[in-house]
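Report on one structure; see the data block that follows.
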Amino acid sequence: MPEERADVLVIGSGAAGAAVSKQLADLGAKVVCLEQGDWVKPDQYPSTRSNYEIQLHRGAFNFSPNVRRRPEDYPIVATGGNPPDILMFNAVGGSTIHYTGHFPRFHPSDFRVKTLDGVAEDWPITYQDLDRYYDMNDREMGVAGLAGDPANPPRSPRPTPPLPIGVLGDVITRGFDKLGWHWWVSDNAIISRPYGGRPGCELHGKCMFGCSIGSKASTDVTYWPKALRKGAVLKTRARVREITVDAQGRVQGALYYDRLGKLQEQRARVVVVSCNGVGTPRLLLHSKSKHFPQGLANSSGMVGKNFMIHPFRFLEGVFEERIDSYDGPFGIPAFSQQFYETDTKRGFLRGYTFFLERSFGPLHQAWGGFANHPVPWGAEHHRVMRRRFPHIVRITVMGEDLPHEMNRIELDPEVKDSSGIPAPRVVYNYSSNSLKILDHGAVMARRALDAAGVGEVLDSGVIAPAFHLMGTARMGSNPKSSVVNAWHQAHDVPNLFVVDGSSFTTGAAVNPTSTIGALALRCAEGIWRRRREWS
Amino acid sequence: MKKNWTRRKFLESTLKGSIVAGGAVTAGVISPVETKAGDAPEQEAAALDAQQRKLLRVTMDEIIPAGDGMPAASEVGGVEYLTRLARENQQARRELQKSLNALAALSRKQFGKDFTSLVPAQRVEVLKKFEAQRPRQNFVKLRDHVYESYYTQPKVWKLLGYPFYATNGPGPRMKPFDPASLERVRKMPKLYREVS
């Protein structure tokens, strides 16, 4: 027997699903959310334990589902010329459980890539359309930062003051100052003072291993308590197998496996899919029916296509000074967008952000750090270890990845999860534009490190793509080249909405989470505005 | 034929190019432990036999020898840590045993002797050859496990000056951000493109 019909069924409880659920519950909708993961108790976080760094190699909090293999995880097959090492988390709060908390916004130009630079597609919305939702999301999540950055449009005063940038920030920004380059203290979804009933950051510096005091804004501690108070129902360990459709081709709910592995049905007037840039196309492609033989909302063939993942390159500078790079919030202390906007003289389109970043502890440094240069064994070991730790400042180059149809998510014909649902298969190749961006960024990062007085530079070179899953059910005005419209409504199915990283038309060169949250709030308002159309 | 995603081969194939060094693929978490040298209970001993533990001890002290005011790996309980890890974690046990067996075989091939019987210069020579050998993972796993046994020890952190702050306790003090440091940048012209 299907369960009582909800107004809105939200699939996924992460950055997008939580915001949609809370917003719609606030407005008066009867919301049910299905989440394949569970609540994570703060005392389960590795950041409470001295051996937290081993999670980088193994354990239940590794960033990759292929390594941690929790019961709620699904396998991801990676292939192509540059197979990604996909990082995500399945739990209430989704990947906000272990994201850094860095909370930048897109630039206005990021929504007009085709018009301005002649590549990719324009979004069907503008920065201005999203501006107030960015603010709403910042208030809900709680952000530390400082308004006034000349590299970004003006924004409202930040909910809490900037976090400390520490010795690390002081050292590296002197290089940027010497070169006359831009830098600014970052917006982080990590509150620097008590806010919204949560305590201010204690500067432990292990945000990616879980914030057990709730200063980092994972949506299990921001949106969800409010959504639940407003009557939203959150069902955990509920793994959706497929979205079901009625005789007219409208979605009517979802079939899911409950925590006992029993198949259940949840019906709803409207379905919102928020399973991230890999999980969302996987679910849509698996939801085949006579109305949608290629998968749900896929008449364009665009579901799963145009997968984008940010290209990264890490440069670690070894300084004479002792740096406090393991203290302070891991969310980015400061950033530079000196090379963000397109300048064709550089030999590539679009651009990149520099993150001026912290490090983990001594074990990670010995293993190789972010630049993957292991400390040598033997007679030189202690000398090199002492020279590097704790003397490292990291500059991360994060470039924009443009959409290409050949980069895609498919259903793997053989590998399945523990419920028998096909695993996603990610096919990915770096574009030459991405590689040129990273090369340019590495040269400029060295220049900044030199200007700051670095001794030695360790360069990761090109690494396997890993961070930020975008573009696989993209927004657009043209139903032939996109999956959802400007309000995240599927072109093919009027009561189906998709909002998360997969909705991105292009990926910009900033972390996606604040944009995902803003899009989700806007999507929720759009759904509510059309509530008379609900069947 | 259907593949089972838990199969080691599948995982290894999907984890190529991991951003973290080594990328060991194992499940389960060992609990935090400050180990003591020479403190190996009977059940721990079962994970690696006496010969393997002897080889491990000698090897880890070549990988992390004493010096520069720091102890050798075995002096901070490295053998006991890894013996315990091998007992609790099947994947780690397989990796350690595979690495140690490969190292032992290489030593016999090169010098006709057990690694533990070699003089230090010969051990270093064998380890360098081991490091250069394919598959390189045999060496990398061993090195990374030894590093883990060492750099998870609070006594080592103390010597390095690393203060560990668990997130369920107090954190460090840091100087608040000074907005005056951005005065130059505030005066920069607008860097973003206006779009209508």
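Here's how to read the names in the structure tokens: chain A, B, ... by the order shown, residue numbers from 1 in each chain, ligand numbers from 1 in the order shown.
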
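Near Gly118 in chain A, within a cut-off of 10 Å and counting only C-alpha atoms, sit the residues Arg112, Val113 and Leu349 of chain A, with same-chain residues fewer than 5 positions away left out.
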
Restricted to C-alpha atoms, what would the selected residues look like written as a short mmCIF file (atom, residue, chain, number, x, y, z; two decimals), in the first residue's frame?
```cif
data_model
loop_
_atom_site.label_atom_id
_atom_site.label_comp_id
_atom_site.auth_asym_id
_atom_site.auth_seq_id
_atom_site.Cartn_x
_atom_site.Cartn_y
_atom_site.Cartn_z
CA ARG A 112 26.22 34.41 -19.49
CA VAL A 113 29.11 32.26 -20.71
CA LEU A 349 38.58 30.97 -21.93
#
```

Check your understanding: Which residues of chain A are close to chain B, meaning at most 7 Å apart when you count only C-alpha atoms, and how do they look as a VMD selection string?
Key -> chain A and resid 47 to 51 56 to 60 66 to 68 75 77 to 78 85 107 to 109 148 to 152 162 to 166 182 to 183 202 to 204 211 to 213 327 341 362 to 363 366 to 368 370 372 377 to 379 381 to 383 414 to 416 463 to 464

Check your understanding: Nearest to Lys288 in chain A: which of A:Asp258, A:Glu242, A:Asp500, A:Asp324 is it, counting only C-alpha atoms?
Key -> A:Glu242

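Residues in contact with Leu100 in chain B at up to 8 Å, not including ones fewer than 3 positions away on its chain and judged by only C-alpha atoms, are Gln52, Leu55, Leu56, Leu96, Gln97, Leu103, Ala104 and Leu142 of chain B.
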
Restricting the output to C-alpha atoms, write the selected residues as a PDB file, in the first residue's frame.
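Result file follows (result_4.pdb):
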```
ATOM      1  CA  GLN B  52      57.000 -10.982  10.131  1.00  0.00           C
ATOM      2  CA  LEU B  55      61.072  -8.087   9.790  1.00  0.00           C
ATOM      3  CA  LEU B  56      58.588  -5.271  10.337  1.00  0.00           C
ATOM      4  CA  LEU B  96      51.387  -5.685   5.165  1.00  0.00           C
ATOM      5  CA  GLN B  97      51.915  -9.372   4.587  1.00  0.00           C
ATOM      6  CA  LEU B 103      60.708  -7.405   0.713  1.00  0.00           C
ATOM      7  CA  ALA B 104      61.943 -10.662   2.254  1.00  0.00           C
ATOM      8  CA  LEU B 142      54.420  -0.484   3.678  1.00  0.00           C
TER       9      LEU B 142
END
```

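What separates CA of Leu87 in chain A from CA of Ala466 in chain A is a distance of 5.8 Å.
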
Exercise for review: Within range 221-373 of chain A, find each residue whose DSSP state, derived from the backbone, is strand (DSSP E), and express the selection as a PyMOL selection string.
Suggested key: chain A and resi 233-235+239-245+251-257+263-273+308-310+312-318+334-336+352-357

**Study point:** For Ala120 in chain A: contacts at 8 Å, only C-alpha atoms, fewer than 5 positions along chain excluded, given as a VMD selection string
**Key:** chain A and resid 113 to 114 402 to 403 506

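Taking only C-alpha atoms into account, Val271 in chain A lies nearest to A:Val498 out of the set A:Leu356, A:Val498, A:Cys523, A:Ala247.
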
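Distances from A:Ile190, A:Cys275, A:Val119, A:Leu24 to Gln36 in chain A were compared using only C-alpha atoms, and the smallest one belongs to A:Cys275.
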
Point to revise | Spatial neighbours of Asn137 in chain A, max dist 8 Å, only C-alpha atoms, sep filter under 4 positions, as a PyMOL selection string | key: chain A and resi 133+141+514+517-518+521

Exercise for review: Give me the residues within 10 Å of Leu48 in chain B as a ChimeraX atom specification, counting only C-alpha atoms and dropping any in the same chain fewer than 6 places off.
Suggested key: /B:54,56,79,82-84,86-87,93,96-97

Using the selection just defined, write its residues with N, CA and C atoms as a PDB file, in the first residue's frame.
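Saved the output as result.pdb:
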```pdb
ATOM      1  N   LYS B  54      59.377  -9.403  13.360  1.00  0.00           N
ATOM      2  CA  LYS B  54      60.805  -9.088  13.433  1.00  0.00           C
ATOM      3  C   LYS B  54      61.226  -8.301  12.183  1.00  0.00           C
ATOM      4  N   LEU B  56      59.250  -6.580  10.281  1.00  0.00           N
ATOM      5  CA  LEU B  56      58.588  -5.271  10.337  1.00  0.00           C
ATOM      6  C   LEU B  56      59.378  -4.296  11.218  1.00  0.00           C
ATOM      7  N   VAL B  79      55.505  -1.404  15.838  1.00  0.00           N
ATOM      8  CA  VAL B  79      55.203  -2.815  15.554  1.00  0.00           C
ATOM      9  C   VAL B  79      53.865  -3.190  16.184  1.00  0.00           C
ATOM     10  N   LEU B  82      50.912  -1.639  14.201  1.00  0.00           N
ATOM     11  CA  LEU B  82      50.597  -2.291  12.927  1.00  0.00           C
ATOM     12  C   LEU B  82      50.144  -3.734  13.122  1.00  0.00           C
ATOM     13  N   THR B  83      50.625  -4.369  14.161  1.00  0.00           N
ATOM     14  CA  THR B  83      50.141  -5.723  14.454  1.00  0.00           C
ATOM     15  C   THR B  83      48.656  -5.668  14.807  1.00  0.00           C
ATOM     16  N   ARG B  84      48.337  -4.648  15.583  1.00  0.00           N
ATOM     17  CA  ARG B  84      46.932  -4.485  15.956  1.00  0.00           C
ATOM     18  C   ARG B  84      46.077  -4.124  14.748  1.00  0.00           C
ATOM     19  N   ALA B  86      46.691  -4.918  11.691  1.00  0.00           N
ATOM     20  CA  ALA B  86      46.578  -6.119  10.857  1.00  0.00           C
ATOM     21  C   ALA B  86      45.547  -7.088  11.428  1.00  0.00           C
ATOM     22  N   ARG B  87      45.440  -7.111  12.739  1.00  0.00           N
ATOM     23  CA  ARG B  87      44.453  -7.998  13.360  1.00  0.00           C
ATOM     24  C   ARG B  87      43.032  -7.481  13.118  1.00  0.00           C
ATOM     25  N   ARG B  93      46.017  -6.103   6.770  1.00  0.00           N
ATOM     26  CA  ARG B  93      46.812  -7.312   7.002  1.00  0.00           C
ATOM     27  C   ARG B  93      47.351  -7.858   5.689  1.00  0.00           C
ATOM     28  N   LEU B  96      50.140  -5.555   4.410  1.00  0.00           N
ATOM     29  CA  LEU B  96      51.387  -5.685   5.165  1.00  0.00           C
ATOM     30  C   LEU B  96      52.083  -7.004   4.855  1.00  0.00           C
ATOM     31  N   GLN B  97      51.303  -8.062   4.841  1.00  0.00           N
ATOM     32  CA  GLN B  97      51.915  -9.372   4.587  1.00  0.00           C
ATOM     33  C   GLN B  97      52.505  -9.441   3.181  1.00  0.00           C
TER      34      GLN B  97
END
```
